[in-house]
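Scroll down for the structure; my scribbles are underneath it.
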2 protein chains.
Amino acid sequence: MTDLKQLGQNAVNAKYKVQALSTAQKNEALLAVADALLTHADELMKANEEDMKAGKENGMHEGLLDRLKLTNERISGMSEGLRQVAALPDPIGTLMEEFDRPNGLHIEKRRVPMGVIGIIYESRPNVTADAFALCFKAGNAVILKGGSDAIHSNIAITNVIRGALKAQGITEDAIALIESTDRETTKEFMHMNAYVDVLIPRGGAGLIRAVVEGSTIPVIETGTGNCHIYIDKDADIDKAIPIIINAKTQRIGVCNACESLVIHKDIAERVLPELSRALREKQVEMRGDETVCSVVPDAKPATSEDYQTEYLDLIISMKTVSSVEEAIAHINANNTHHSEAIITENQEAAQKFLSGVDAACAYVNASTRFTDGFEFGFGAEIGISTQKLHARGPMGLNELTSYKYMITGNGQIR
Amino acid sequence: MTDLKQLGQNAVNAKYKVQALSTAQKNEALLAVADALLTHADELMKANEEDMKAGKENGMHEGLLDRLKLTNERISGMSEGLRQVAALPDPIGTLMEEFDRPNGLHIEKRRVPMGVIGIIYESRPNVTADAFALCFKAGNAVILKGGSDAIHSNIAITNVIRGALKAQGITEDAIALIESTDRETTKEFMHMNAYVDVLIPRGGAGLIRAVVEGSTIPVIETGTGNCHIYIDKDADIDKAIPIIINAKTQRIGVCNACESLVIHKDIAERVLPELSRALREKQVEMRGDETVCSVVPDAKPATSEDYQTEYLDLIISMKTVSSVEEAIAHINANNTHHSEAIITENQEAAQKFLSGVDAACAYVNASTRFTDGFEFGFGAEIGISTQKLHARGPMGLNELTSYKYMITGNGQIR
């Protein structure tokens, strides 16, 4: 079993060294790691083969096997991701606020690293490199705990990163991987408050729930998205249909995909025939309330469970309402606080929706698929936060930092 | 037993109503509550007498009895506190950032309420009114869970607040008090993730630890302060001594009081005689390492436990070091990440200290006692955060909010 306390202490020692690095030192290190991943591509693929073999033996699904697989192209992608993070502005040291008090104290609020960030994730090995890059650029040490399915790949990637850091004269403990994959280790990791400042789960709803419920370290909840699009009575149908098709079908397995439609009764009969035709063409199964089913003959009746489900599949639920207020109430009672959109030409309805929906991102006349670090212009992200504490929505570099008040005086006392 | 689910659902319903209130409506309500507390002062003191009587019967300490007691003066203080919160600027709706994307999407990041805030606190009944005022002004509903010692006082204060809100036409569920004070109820409360967005413990180290370890709701850790002052070799002794005496003795029971001194070896023999005289005059017991004890005859030997103790008493620990780096390492290994100060005329040492100490507030040549919402100019605070997630240092109104991205498009899809 991994000695987690030692690993935690090493990370704490490393965090002070990483936070003292200059922007240039961090960027050079990221570029060196990017190169090293390419140089060691064969090694990485060899390690990955062991995971793939075990996965096949354990009867892993095709989809999961595909996510697990490392290819030359994917390794280039990881490497390119590191280069992109190197090119992002360094958030550390930024002066966020500055003010003087009547007693002469000068107070500065500056961005500082979070310290040690823990990441618990599932089978995609590229997360190992991506998460390291973002945490490191924001001046943090990172402790990773990946899934057992990808353990050989994760060990290999971590070793390449550690080697490249060491060659740059940077502490290799800026990244550590917990190699034990048993439940007891995960449990102990989630209680390492003395060493870890924040824990971020990346993965499915089950993983996230387990971390939220089991961790005593502060957690940032990410990822699940039961996203809605509300077609208001004043919607422009020519906007509504392409947005819905895009949000539902452009990529079905992602958290910002649309899972449920809310439709104003006054527009239902006008929009549903064309909309259902477009969804049918894309092989989307429709599940609706009585009104929907009376207009769309092949729609199945939706249960209350349907309205709470993130399908991540070619299925969509549909509910009719009598007002924007009812739409907002329905969404807030069923959503996961991720992304919600209204389609309307009515300014008042748009404003009500923007303020009323309880979500990280509220859209007017646009696809929910834009909730994404790159689409927002933040660059790579560590996840989409669906909680209200600390960070909400796409979490880029700024969201991996904390702040500190630095106060300069000349002998002031109270 | 209180029906916590119902109470949680009522708070969720209330949060949507409170977040929709205008600044004027919130301020009028706060002033009405301030008046109501005065009008009902006799009732409040009568309820408080029951708590005082029970406290005396249970052999409660003088100090705790004093904190529990409500007088006309203290009720006026609570009322005045509400007026001060009414006078603070409303954070809700503030535009924090605004940008346009190449595809024409317009993105606004605006301050929104947190939603439902839970507060778990100990025996001071004034927290009931203070916490309500801050949470409400920041657009939140609040669920309070006070200590059993103050239960009659807390019920009475809550009822006055609810009555005043109702008379203003505002949902009285903007505030709820959990009346059961048993452990099971507290445990259930700490697992109400479906209703409560953030939980803030206010009280001693034991309460805070219990909430951090027991809650599945995101917690903001507040309060404990093992604060250090480091006397650098280049310190101005005339600044050092008044700052230390102020930080140690101006108010001993508070989290921003100084508990430990770190002294550069090169200045120890010069500063210790005068410093120890000043501390002795204030009846402060000194506990030091070998060097300190060799210079200060009445200093007792300090143990490693001393260096980790928040005394909240007339005791101070003292340790000598050979460099600012060693001082920082000692502080980071023993502190609670609250407030740390350096006394120096050396810019380089000051800068190293400001960046190196792992604390919410780092001071140069000033007392740690300034870590306080009013001293920072924020007004009333809900506590001092010692964690890095979400908020650090004094938590005023802004820190009781979250944000939301509001995105306006014209049919954009990916």
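Naming scheme: A, B, ... for chains in displayed order of the structure tokens; residues 1 onward per chain; ligands 1 onward as shown.
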Could you pull the residues within 7 Å of Cys255 (chain B), counting only C-alpha atoms, minus those fewer than 3 positions along the same chain, as a ChimeraX atom specification? /B:223-225
Deliver the residues from the most recent selection as a file, using C-alpha atoms, as an mmCIF file, in the first residue's frame.
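Here's the written file result.cif:
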data_model
loop_
_atom_site.group_PDB
_atom_site.id
_atom_site.type_symbol
_atom_site.label_atom_id
_atom_site.label_comp_id
_atom_site.auth_asym_id
_atom_site.auth_seq_id
_atom_site.Cartn_x
_atom_site.Cartn_y
_atom_site.Cartn_z
ATOM 1 C CA GLY B 223 -11.958 31.036 12.821
ATOM 2 C CA THR B 224 -9.086 29.284 14.494
ATOM 3 C CA GLY B 225 -5.953 31.396 14.573
#
Counting only C-alpha atoms, which residues of chain A fall within 7 Å of chain B, and what is the closest atom pair for each with its distance in Å at one decimal, ordered by chain and rising number, as JSON lines?
{"residue": "A:Met114", "atom": "CA", "partner": "B:Lys388", "partner_atom": "CA", "distance": 6.2}
{"residue": "A:Asp197", "atom": "CA", "partner": "B:Lys388", "partner_atom": "CA", "distance": 6.9}
{"residue": "A:Val212", "atom": "CA", "partner": "B:Thr216", "partner_atom": "CA", "distance": 6.0}
{"residue": "A:Glu213", "atom": "CA", "partner": "B:Thr216", "partner_atom": "CA", "distance": 5.1}
{"residue": "A:Thr216", "atom": "CA", "partner": "B:Glu213", "partner_atom": "CA", "distance": 5.1}
{"residue": "A:Pro218", "atom": "CA", "partner": "B:Pro218", "partner_atom": "CA", "distance": 6.6}
{"residue": "A:Lys239", "atom": "CA", "partner": "B:Gly411", "partner_atom": "CA", "distance": 5.1}
{"residue": "A:Ile243", "atom": "CA", "partner": "B:Ile413", "partner_atom": "CA", "distance": 5.8}
{"residue": "A:Asn246", "atom": "CA", "partner": "B:Ile413", "partner_atom": "CA", "distance": 6.1}
{"residue": "A:Leu354", "atom": "CA", "partner": "B:Met406", "partner_atom": "CA", "distance": 6.2}
{"residue": "A:Ala360", "atom": "CA", "partner": "B:Lys404", "partner_atom": "CA", "distance": 5.1}
{"residue": "A:Cys361", "atom": "CA", "partner": "B:Tyr405", "partner_atom": "CA", "distance": 4.7}
{"residue": "A:Ala362", "atom": "CA", "partner": "B:Met406", "partner_atom": "CA", "distance": 5.0}
{"residue": "A:Tyr363", "atom": "CA", "partner": "B:Ile407", "partner_atom": "CA", "distance": 4.7}
{"residue": "A:Val364", "atom": "CA", "partner": "B:Thr408", "partner_atom": "CA", "distance": 4.8}
{"residue": "A:Asn365", "atom": "CA", "partner": "B:Gly411", "partner_atom": "CA", "distance": 5.1}
{"residue": "A:Ala366", "atom": "CA", "partner": "B:Gln412", "partner_atom": "CA", "distance": 4.8}
{"residue": "A:Ser367", "atom": "CA", "partner": "B:Ile413", "partner_atom": "CA", "distance": 5.3}
{"residue": "A:Arg369", "atom": "CA", "partner": "B:Arg414", "partner_atom": "CA", "distance": 6.8}
{"residue": "A:Lys388", "atom": "CA", "partner": "B:Ser402", "partner_atom": "CA", "distance": 5.5}
{"residue": "A:Leu389", "atom": "CA", "partner": "B:His390", "partner_atom": "CA", "distance": 5.7}
{"residue": "A:His390", "atom": "CA", "partner": "B:His390", "partner_atom": "CA", "distance": 3.5}
{"residue": "A:Arg392", "atom": "CA", "partner": "B:Tyr403", "partner_atom": "CA", "distance": 6.8}
{"residue": "A:Ser402", "atom": "CA", "partner": "B:Lys388", "partner_atom": "CA", "distance": 5.5}
{"residue": "A:Tyr403", "atom": "CA", "partner": "B:Arg392", "partner_atom": "CA", "distance": 6.8}
{"residue": "A:Lys404", "atom": "CA", "partner": "B:Ala360", "partner_atom": "CA", "distance": 5.1}
{"residue": "A:Tyr405", "atom": "CA", "partner": "B:Cys361", "partner_atom": "CA", "distance": 4.7}
{"residue": "A:Met406", "atom": "CA", "partner": "B:Ala362", "partner_atom": "CA", "distance": 5.0}
{"residue": "A:Ile407", "atom": "CA", "partner": "B:Tyr363", "partner_atom": "CA", "distance": 4.7}
{"residue": "A:Thr408", "atom": "CA", "partner": "B:Val364", "partner_atom": "CA", "distance": 4.8}
{"residue": "A:Gly409", "atom": "CA", "partner": "B:Asn365", "partner_atom": "CA", "distance": 5.1}
{"residue": "A:Asn410", "atom": "CA", "partner": "B:Asn365", "partner_atom": "CA", "distance": 5.3}
{"residue": "A:Gly411", "atom": "CA", "partner": "B:Asn365", "partner_atom": "CA", "distance": 5.1}
{"residue": "A:Gln412", "atom": "CA", "partner": "B:Ala366", "partner_atom": "CA", "distance": 4.8}
{"residue": "A:Ile413", "atom": "CA", "partner": "B:Ser367", "partner_atom": "CA", "distance": 5.3}
{"residue": "A:Arg414", "atom": "CA", "partner": "B:Asn246", "partner_atom": "CA", "distance": 6.8}
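Atom pair CA of Leu95 (chain A) / CA of Arg111 (chain A) has a distance of 6.7 Å (rounded to one decimal).
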Run DSSP on the backbone and give me the residues of region 86-220 of chain B it puts in strand (DSSP E or B), as JSON, numbers by chain. {"B": [95, 96, 97, 98, 99, 100, 106, 107, 108, 109, 110, 111, 112, 113, 116, 117, 118, 119, 120, 121, 141, 142, 143, 144, 145, 175, 176, 177, 198, 199, 200, 201, 202, 219]}
Keeping only C-alpha atoms, write the selected residues as an mmCIF file, in the first residue's frame.
data_model
loop_
_atom_site.group_PDB
_atom_site.id
_atom_site.type_symbol
_atom_site.label_atom_id
_atom_site.label_comp_id
_atom_site.auth_asym_id
_atom_site.auth_seq_id
_atom_site.Cartn_x
_atom_site.Cartn_y
_atom_site.Cartn_z
ATOM 1 C CA LEU B 95 -21.161 42.881 -13.301
ATOM 2 C CA MET B 96 -17.855 41.167 -12.505
ATOM 3 C CA GLU B 97 -16.684 40.588 -16.081
ATOM 4 C CA GLU B 98 -18.093 41.048 -19.560
ATOM 5 C CA PHE B 99 -16.689 39.915 -22.884
ATOM 6 C CA ASP B 100 -17.642 39.130 -26.465
ATOM 7 C CA HIS B 106 -21.923 38.136 -25.338
ATOM 8 C CA ILE B 107 -20.874 36.727 -21.947
ATOM 9 C CA GLU B 108 -21.548 38.454 -18.633
ATOM 10 C CA LYS B 109 -20.353 37.177 -15.266
ATOM 11 C CA ARG B 110 -22.617 38.525 -12.543
ATOM 12 C CA ARG B 111 -22.758 38.169 -8.791
ATOM 13 C CA VAL B 112 -25.725 36.090 -7.641
ATOM 14 C CA PRO B 113 -26.748 34.845 -4.198
ATOM 15 C CA VAL B 116 -29.397 28.650 1.024
ATOM 16 C CA ILE B 117 -26.666 29.165 3.621
ATOM 17 C CA GLY B 118 -26.491 26.990 6.723
ATOM 18 C CA ILE B 119 -24.809 28.327 9.869
ATOM 19 C CA ILE B 120 -23.875 26.124 12.822
ATOM 20 C CA TYR B 121 -22.852 28.154 15.869
ATOM 21 C CA ALA B 141 -32.112 32.255 2.700
ATOM 22 C CA VAL B 142 -30.485 31.042 5.900
ATOM 23 C CA ILE B 143 -30.960 27.994 8.090
ATOM 24 C CA LEU B 144 -29.487 28.414 11.570
ATOM 25 C CA LYS B 145 -28.508 25.756 14.040
ATOM 26 C CA ILE B 175 -34.735 32.575 8.054
ATOM 27 C CA ALA B 176 -35.304 29.283 9.809
ATOM 28 C CA LEU B 177 -33.936 27.974 13.070
ATOM 29 C CA VAL B 198 -22.866 26.061 1.810
ATOM 30 C CA LEU B 199 -22.383 25.444 5.510
ATOM 31 C CA ILE B 200 -20.437 27.844 7.729
ATOM 32 C CA PRO B 201 -19.483 26.819 11.265
ATOM 33 C CA ARG B 202 -18.911 29.633 13.757
ATOM 34 C CA VAL B 219 -18.044 24.003 4.165
#
Please provide as a PyMOL selection string all residues within 12 Å of region 84-89 of chain B, with the sequence filter that same-chain residues fewer than 5 positions apart are discarded (counting only C-alpha atoms). chain B and resi 23-34+77-79+94+129-138+374+377-382+396-398
Output file for the selection above: N, CA and C atoms, as an mmCIF file, in the first residue's frame:
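As a result, out.cif now contains:
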data_model
loop_
_atom_site.group_PDB
_atom_site.id
_atom_site.type_symbol
_atom_site.label_atom_id
_atom_site.label_comp_id
_atom_site.auth_asym_id
_atom_site.auth_seq_id
_atom_site.Cartn_x
_atom_site.Cartn_y
_atom_site.Cartn_z
ATOM 1 N N THR B 23 -32.810 45.864 -3.871
ATOM 2 C CA THR B 23 -31.978 46.368 -2.777
ATOM 3 C C THR B 23 -32.844 47.130 -1.770
ATOM 4 N N ALA B 24 -33.741 47.982 -2.269
ATOM 5 C CA ALA B 24 -34.590 48.782 -1.378
ATOM 6 C C ALA B 24 -35.463 47.875 -0.507
ATOM 7 N N GLN B 25 -36.027 46.839 -1.109
ATOM 8 C CA GLN B 25 -36.874 45.930 -0.318
ATOM 9 C C GLN B 25 -36.067 45.247 0.784
ATOM 10 N N LYS B 26 -34.836 44.821 0.440
ATOM 11 C CA LYS B 26 -34.015 44.149 1.452
ATOM 12 C C LYS B 26 -33.644 45.119 2.566
ATOM 13 N N ASN B 27 -33.267 46.338 2.185
ATOM 14 C CA ASN B 27 -32.863 47.305 3.213
ATOM 15 C C ASN B 27 -34.019 47.673 4.129
ATOM 16 N N GLU B 28 -35.213 47.891 3.529
ATOM 17 C CA GLU B 28 -36.387 48.212 4.360
ATOM 18 C C GLU B 28 -36.667 47.071 5.332
ATOM 19 N N ALA B 29 -36.547 45.858 4.845
ATOM 20 C CA ALA B 29 -36.800 44.704 5.716
ATOM 21 C C ALA B 29 -35.781 44.662 6.859
ATOM 22 N N LEU B 30 -34.509 44.933 6.562
ATOM 23 C CA LEU B 30 -33.479 44.905 7.605
ATOM 24 C C LEU B 30 -33.756 45.984 8.657
ATOM 25 N N LEU B 31 -34.189 47.157 8.209
ATOM 26 C CA LEU B 31 -34.499 48.229 9.161
ATOM 27 C C LEU B 31 -35.724 47.859 9.995
ATOM 28 N N ALA B 32 -36.700 47.221 9.368
ATOM 29 C CA ALA B 32 -37.898 46.791 10.105
ATOM 30 C C ALA B 32 -37.514 45.755 11.164
ATOM 31 N N VAL B 33 -36.607 44.848 10.821
ATOM 32 C CA VAL B 33 -36.150 43.854 11.789
ATOM 33 C C VAL B 33 -35.385 44.544 12.922
ATOM 34 N N ALA B 34 -34.569 45.531 12.562
ATOM 35 C CA ALA B 34 -33.818 46.279 13.580
ATOM 36 C C ALA B 34 -34.778 46.925 14.576
ATOM 37 N N GLY B 77 -27.267 46.708 20.310
ATOM 38 C CA GLY B 77 -26.114 46.396 19.464
ATOM 39 C C GLY B 77 -26.516 45.544 18.264
ATOM 40 N N MET B 78 -27.346 44.516 18.523
ATOM 41 C CA MET B 78 -27.833 43.679 17.418
ATOM 42 C C MET B 78 -28.615 44.521 16.421
ATOM 43 N N SER B 79 -29.465 45.384 16.959
ATOM 44 C CA SER B 79 -30.311 46.225 16.125
ATOM 45 C C SER B 79 -29.442 47.157 15.279
ATOM 46 N N THR B 94 -24.025 42.701 -9.449
ATOM 47 C CA THR B 94 -22.797 43.370 -9.904
ATOM 48 C C THR B 94 -22.195 42.651 -11.114
ATOM 49 N N ALA B 129 -29.068 37.058 14.812
ATOM 50 C CA ALA B 129 -29.444 38.264 14.055
ATOM 51 C C ALA B 129 -28.353 38.676 13.074
ATOM 52 N N ASP B 130 -27.078 38.613 13.513
ATOM 53 C CA ASP B 130 -25.967 39.027 12.639
ATOM 54 C C ASP B 130 -25.912 38.178 11.369
ATOM 55 N N ALA B 131 -25.991 36.864 11.562
ATOM 56 C CA ALA B 131 -25.853 35.952 10.416
ATOM 57 C C ALA B 131 -27.037 36.123 9.467
ATOM 58 N N PHE B 132 -28.246 36.268 10.034
ATOM 59 C CA PHE B 132 -29.406 36.514 9.186
ATOM 60 C C PHE B 132 -29.173 37.750 8.324
ATOM 61 N N ALA B 133 -28.730 38.850 8.966
ATOM 62 C CA ALA B 133 -28.607 40.131 8.262
ATOM 63 C C ALA B 133 -27.667 40.010 7.066
ATOM 64 N N LEU B 134 -26.494 39.429 7.277
ATOM 65 C CA LEU B 134 -25.515 39.324 6.189
ATOM 66 C C LEU B 134 -26.015 38.405 5.076
ATOM 67 N N CYS B 135 -26.540 37.240 5.460
ATOM 68 C CA CYS B 135 -27.018 36.294 4.447
ATOM 69 C C CYS B 135 -28.162 36.895 3.639
ATOM 70 N N PHE B 136 -29.090 37.554 4.326
ATOM 71 C CA PHE B 136 -30.270 38.133 3.673
ATOM 72 C C PHE B 136 -29.865 39.266 2.733
ATOM 73 N N LYS B 137 -28.976 40.136 3.197
ATOM 74 C CA LYS B 137 -28.551 41.263 2.343
ATOM 75 C C LYS B 137 -27.876 40.740 1.083
ATOM 76 N N ALA B 138 -27.173 39.615 1.199
ATOM 77 C CA ALA B 138 -26.538 39.015 0.021
ATOM 78 C C ALA B 138 -27.516 38.125 -0.762
ATOM 79 N N PHE B 374 -14.424 44.940 9.625
ATOM 80 C CA PHE B 374 -14.515 46.392 9.779
ATOM 81 C C PHE B 374 -13.162 47.053 9.524
ATOM 82 N N GLY B 377 -12.492 47.473 6.081
ATOM 83 C CA GLY B 377 -13.446 48.340 5.394
ATOM 84 C C GLY B 377 -14.566 47.596 4.707
ATOM 85 N N PHE B 378 -14.718 46.299 5.010
ATOM 86 C CA PHE B 378 -15.789 45.511 4.386
ATOM 87 C C PHE B 378 -17.100 45.624 5.170
ATOM 88 N N GLY B 379 -17.034 46.116 6.400
ATOM 89 C CA GLY B 379 -18.201 46.092 7.265
ATOM 90 C C GLY B 379 -18.292 44.763 7.980
ATOM 91 N N ALA B 380 -19.508 44.456 8.468
ATOM 92 C CA ALA B 380 -19.687 43.233 9.259
ATOM 93 C C ALA B 380 -19.239 42.016 8.466
ATOM 94 N N GLU B 381 -18.818 41.003 9.141
ATOM 95 C CA GLU B 381 -18.332 39.789 8.494
ATOM 96 C C GLU B 381 -19.018 38.581 9.116
ATOM 97 N N ILE B 382 -19.039 37.487 8.371
ATOM 98 C CA ILE B 382 -19.626 36.245 8.887
ATOM 99 C C ILE B 382 -18.548 35.402 9.555
ATOM 100 N N GLY B 396 -17.075 39.152 4.089
ATOM 101 C CA GLY B 396 -18.179 40.103 4.131
ATOM 102 C C GLY B 396 -19.280 39.671 3.179
ATOM 103 N N LEU B 397 -20.037 40.643 2.685
ATOM 104 C CA LEU B 397 -21.176 40.327 1.818
ATOM 105 C C LEU B 397 -20.749 39.651 0.516
ATOM 106 N N ASN B 398 -19.689 40.165 -0.124
ATOM 107 C CA ASN B 398 -19.255 39.572 -1.405
ATOM 108 C C ASN B 398 -18.969 38.083 -1.261
#
Students should find that CA of Met318 (chain A) and CA of Asp306 (chain A) are spaced 9.2 Å
Enumerate, as a ChimeraX atom specification, the complete set of residues in region 235-311 of chain B that a backbone-based DSSP assignment places in alpha helix (DSSP H). /B:237-249,265-281,290-295,304-307
File dump, residues just selected, N, CA and C atoms, as a CSV table (one decimal), in the first residue's frame:
chain,number,residue,atom,x,y,z
B,237,ILE,N,13.0,47.7,16.7
B,237,ILE,CA,12.5,47.2,18.0
B,237,ILE,C,11.4,48.1,18.5
B,238,ASP,N,11.5,49.4,18.2
B,238,ASP,CA,10.5,50.4,18.6
B,238,ASP,C,9.1,50.1,18.0
B,239,LYS,N,9.1,49.5,16.8
B,239,LYS,CA,7.8,49.0,16.2
B,239,LYS,C,7.4,47.7,16.8
B,240,ALA,N,8.4,46.8,16.9
B,240,ALA,CA,8.1,45.4,17.3
B,240,ALA,C,7.4,45.3,18.6
B,241,ILE,N,7.9,46.0,19.6
B,241,ILE,CA,7.3,45.7,20.9
B,241,ILE,C,5.8,46.2,21.0
B,242,PRO,N,5.5,47.4,20.6
B,242,PRO,CA,4.1,47.8,20.7
B,242,PRO,C,3.2,46.9,19.8
B,243,ILE,N,3.7,46.5,18.7
B,243,ILE,CA,2.8,45.6,17.8
B,243,ILE,C,2.6,44.2,18.5
B,244,ILE,N,3.6,43.7,19.1
B,244,ILE,CA,3.5,42.4,19.8
B,244,ILE,C,2.6,42.5,21.0
B,245,ILE,N,2.8,43.6,21.8
B,245,ILE,CA,1.9,43.7,23.0
B,245,ILE,C,0.4,43.9,22.5
B,246,ASN,N,0.2,44.7,21.5
B,246,ASN,CA,-1.1,44.9,21.0
B,246,ASN,C,-1.7,43.5,20.5
B,247,ALA,N,-1.0,42.8,19.7
B,247,ALA,CA,-1.5,41.6,19.0
B,247,ALA,C,-1.7,40.5,20.1
B,248,LYS,N,-0.9,40.5,21.1
B,248,LYS,CA,-1.1,39.5,22.2
B,248,LYS,C,-2.1,39.9,23.2
B,249,THR,N,-2.2,41.1,23.6
B,249,THR,CA,-3.0,41.4,24.8
B,249,THR,C,-4.2,42.3,24.6
B,265,LYS,N,17.9,34.9,15.5
B,265,LYS,CA,18.9,34.8,16.5
B,265,LYS,C,19.7,36.1,16.6
B,266,ASP,N,20.0,36.8,15.5
B,266,ASP,CA,20.9,37.9,15.6
B,266,ASP,C,20.3,39.1,16.3
B,267,ILE,N,19.0,39.1,16.6
B,267,ILE,CA,18.4,40.2,17.3
B,267,ILE,C,17.8,39.7,18.6
B,268,ALA,N,17.9,38.4,18.9
B,268,ALA,CA,17.2,37.9,20.1
B,268,ALA,C,17.8,38.6,21.4
B,269,GLU,N,19.1,38.7,21.5
B,269,GLU,CA,19.6,39.2,22.7
B,269,GLU,C,19.3,40.7,22.9
B,270,ARG,N,19.1,41.4,21.8
B,270,ARG,CA,18.8,42.8,21.8
B,270,ARG,C,17.3,43.1,22.2
B,271,VAL,N,16.5,42.2,21.6
B,271,VAL,CA,15.0,42.5,21.7
B,271,VAL,C,14.4,41.8,22.9
B,272,LEU,N,15.0,40.7,23.3
B,272,LEU,CA,14.3,39.9,24.4
B,272,LEU,C,14.2,40.6,25.7
B,273,PRO,N,15.2,41.3,26.2
B,273,PRO,CA,15.1,41.9,27.6
B,273,PRO,C,13.9,42.8,27.6
B,274,GLU,N,13.8,43.8,26.7
B,274,GLU,CA,12.8,44.8,26.7
B,274,GLU,C,11.4,44.1,26.4
B,275,LEU,N,11.4,43.2,25.4
B,275,LEU,CA,10.2,42.6,25.1
B,275,LEU,C,9.6,41.7,26.2
B,276,SER,N,10.5,41.0,26.9
B,276,SER,CA,10.0,40.2,28.0
B,276,SER,C,9.5,41.0,29.2
B,277,ARG,N,10.1,42.2,29.4
B,277,ARG,CA,9.7,43.1,30.4
B,277,ARG,C,8.2,43.6,30.1
B,278,ALA,N,8.0,43.9,28.8
B,278,ALA,CA,6.7,44.4,28.4
B,278,ALA,C,5.6,43.3,28.5
B,279,LEU,N,6.0,42.1,28.2
B,279,LEU,CA,5.1,41.0,28.3
B,279,LEU,C,4.8,40.7,29.7
B,280,ARG,N,5.8,40.7,30.5
B,280,ARG,CA,5.7,40.4,32.0
B,280,ARG,C,4.7,41.4,32.6
B,281,GLU,N,4.9,42.7,32.2
B,281,GLU,CA,4.0,43.8,32.8
B,281,GLU,C,2.5,43.5,32.5
B,290,GLU,N,15.5,27.0,23.9
B,290,GLU,CA,16.7,27.1,24.8
B,290,GLU,C,17.2,28.5,24.7
B,291,THR,N,17.4,29.1,23.5
B,291,THR,CA,18.0,30.4,23.4
B,291,THR,C,17.1,31.4,24.2
B,292,VAL,N,15.8,31.3,24.0
B,292,VAL,CA,14.9,32.3,24.7
B,292,VAL,C,15.1,32.1,26.2
B,293,CYS,N,15.0,30.9,26.6
B,293,CYS,CA,15.1,30.6,28.1
B,293,CYS,C,16.4,31.1,28.7
B,294,SER,N,17.5,31.1,27.8
B,294,SER,CA,18.8,31.5,28.4
B,294,SER,C,18.8,33.0,28.5
B,295,VAL,N,18.0,33.8,27.8
B,295,VAL,CA,18.0,35.2,27.9
B,295,VAL,C,16.9,35.7,28.9
B,304,SER,N,6.8,21.1,21.5
B,304,SER,CA,6.4,21.3,20.1
B,304,SER,C,4.8,21.5,20.1
B,305,GLU,N,4.2,21.0,21.2
B,305,GLU,CA,2.7,21.2,21.3
B,305,GLU,C,2.4,22.7,21.5
B,306,ASP,N,3.3,23.3,22.3
B,306,ASP,CA,3.1,24.8,22.5
B,306,ASP,C,3.0,25.5,21.1
B,307,TYR,N,3.9,25.1,20.2
B,307,TYR,CA,4.0,25.9,18.9
B,307,TYR,C,2.8,25.6,18.1
Find the residues around His152 (chain B) up to 7 Å (only C-alpha atoms counted), leave out those fewer than 6 positions away in its own chain, and share them as number ranges by chain. B: 47-48, 50-51
How would the residues just picked look written out with N, CA and C atoms as an mmCIF file, in the first residue's frame?
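Contents of the output file out_15.cif:
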data_model
loop_
_atom_site.group_PDB
_atom_site.id
_atom_site.type_symbol
_atom_site.label_atom_id
_atom_site.label_comp_id
_atom_site.auth_asym_id
_atom_site.auth_seq_id
_atom_site.Cartn_x
_atom_site.Cartn_y
_atom_site.Cartn_z
ATOM 1 N N ALA B 47 -36.929 35.393 27.366
ATOM 2 C CA ALA B 47 -36.516 34.085 26.824
ATOM 3 C C ALA B 47 -35.080 33.795 27.228
ATOM 4 N N ASN B 48 -34.246 34.818 27.180
ATOM 5 C CA ASN B 48 -32.838 34.661 27.534
ATOM 6 C C ASN B 48 -32.669 34.240 28.996
ATOM 7 N N GLU B 50 -34.448 32.235 30.644
ATOM 8 C CA GLU B 50 -34.578 30.768 30.731
ATOM 9 C C GLU B 50 -33.260 30.082 30.420
ATOM 10 N N ASP B 51 -32.579 30.595 29.358
ATOM 11 C CA ASP B 51 -31.272 30.028 29.011
ATOM 12 C C ASP B 51 -30.263 30.275 30.129
#
